[in-house]
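Visitor: Submitted below is the structure of interest, expressed as structure tokens.
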Amino acid sequence: MTGIKNLPGHVAIIMDGNGRWAKEKDLPRVEGHRKGSEVVREIVEASRKSGIKVLTLYAFSEENWNRPKAEVGALMSLLAEFLRTELPKMMDEHIRLCAVGRFSQLPDIVREVLLEAIRITKDNKGMTLVIALSYSGRGEIVDAVKEIVELAVEKKVTPEQIDEDMIARHLYTKSLPDPDLLIRTSGEKRISNFLLYQAAYTELFFTKTLWPDFTQEEFLSALQDYSRRERRYGMTSEQVLGED
Ligand code: IPE
Ligand code: IPE
Ligand code: MG
């Protein structure tokens, strides 16, 4: 535990900057991804020890399929290796693995280890680790709309019944809370199609640090920063503080 009051329940991270990290060192981009996957292990550990309930990591976007074939292949291999090596640790540490995204596009081997790890860890009661893989926030909303329209066609849903909660229940994240804190590394200040619906009131934290250089210490300082913020959800500060 960190001793930090007002810890975010759900932290989401856009792990960006692997390529630039490698370039700075005259290394191939894949070396940045390899170092990045070591940092993932560190941050999963820091989250678990801090008492974070849900950690969502943006590992691969739907747009990332457009990268050079060799880079996509290397990322997929690293991913399968990560899942294979981390599974025993996830069991020891009671971590439940979930995933969000369009998995049909994944290579069979990656999909198989992913689904197997989800199945094996499904009853774990510790932290929930969510991997966003072949994920697109707009795509997720489209998929939710399709499901709801199908229910409407079958006369199981009327237009009047459609509300924000119903849409949330048809997103890939249906059983998860919205993220409280979204961290993006590498200095870019954009969402890149991540959790568009869910991040309506998420607090944002941007750092220039490239993902392979991100540390447990900086992660804890992001949690500290979050703990000092006032989330107003459209109200006044006085209302939030109960003075009004
Ligand atoms: C993030 O690092 C990893 C993925 C998107 C898969 P990048 O590979 O995007 O690194 P930069 O942005 O090119 O530095
Ligand atoms: C976002 O990073 C996706 C992941 C971190 C997996 P990108 O590097 O793909 O985002 P853009 O293209 O710079 O917006
Ligand atoms: Mg990038």
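By convention in this document, the chains of the structure tokens carry letters A, B, ... by their order, each chain's residues are numbered from 1, and ligands are numbered from 1 in the order they are shown.
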Residues at most 9 Å from A:Gly187, counting only C-alpha atoms, excluding those fewer than 6 positions away in the same chain, as a ChimeraX atom specification?
Guide: /A:16-17,206-210
Visitor: Near stretch 58-63 of chain A, within 6 Å and counting only C-alpha atoms, which residues show up once chain neighbours fewer than 4 positions away are dropped, as a list in words?
Guide: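 Contacts, with the query itself left out: Ile14, Ala132, Leu133, Ser134, Tyr135 and Ser136 of chain A.
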Visitor: Looking only at the backbone, which of the residues in stretch 9-101 of chain A does DSSP tag as helix (DSSP H, G or I), as a VMD selection string?
Guide: chain A and resid 18 to 24 29 to 50 63 to 66 69 to 92
Visitor: Please identify all polymer residues within 7 Å of stretch 18-27 of chain A, counting only C-alpha atoms, omitting same-chain residues fewer than 5 positions from it, and present them as a PyMOL selection string.
Guide: chain A and resi 32-33+36+210-212
Visitor: In terms of the shortest atom-to-atom distance over only C-alpha atoms and all ligand atoms, which of A:Leu220, A:Val142, A:Leu181, A:Leu79 is closest to ligand 1?
Guide: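 Under the stated criterion, the closest residue is A:Leu79.
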Visitor: So that I can see what lies close to A:Lys125, please list as number ranges by chain the residues with an atom at most 9 Å from it, counting only C-alpha atoms and leaving out residues fewer than 6 positions away in the same chain.
Guide: A: 94-96
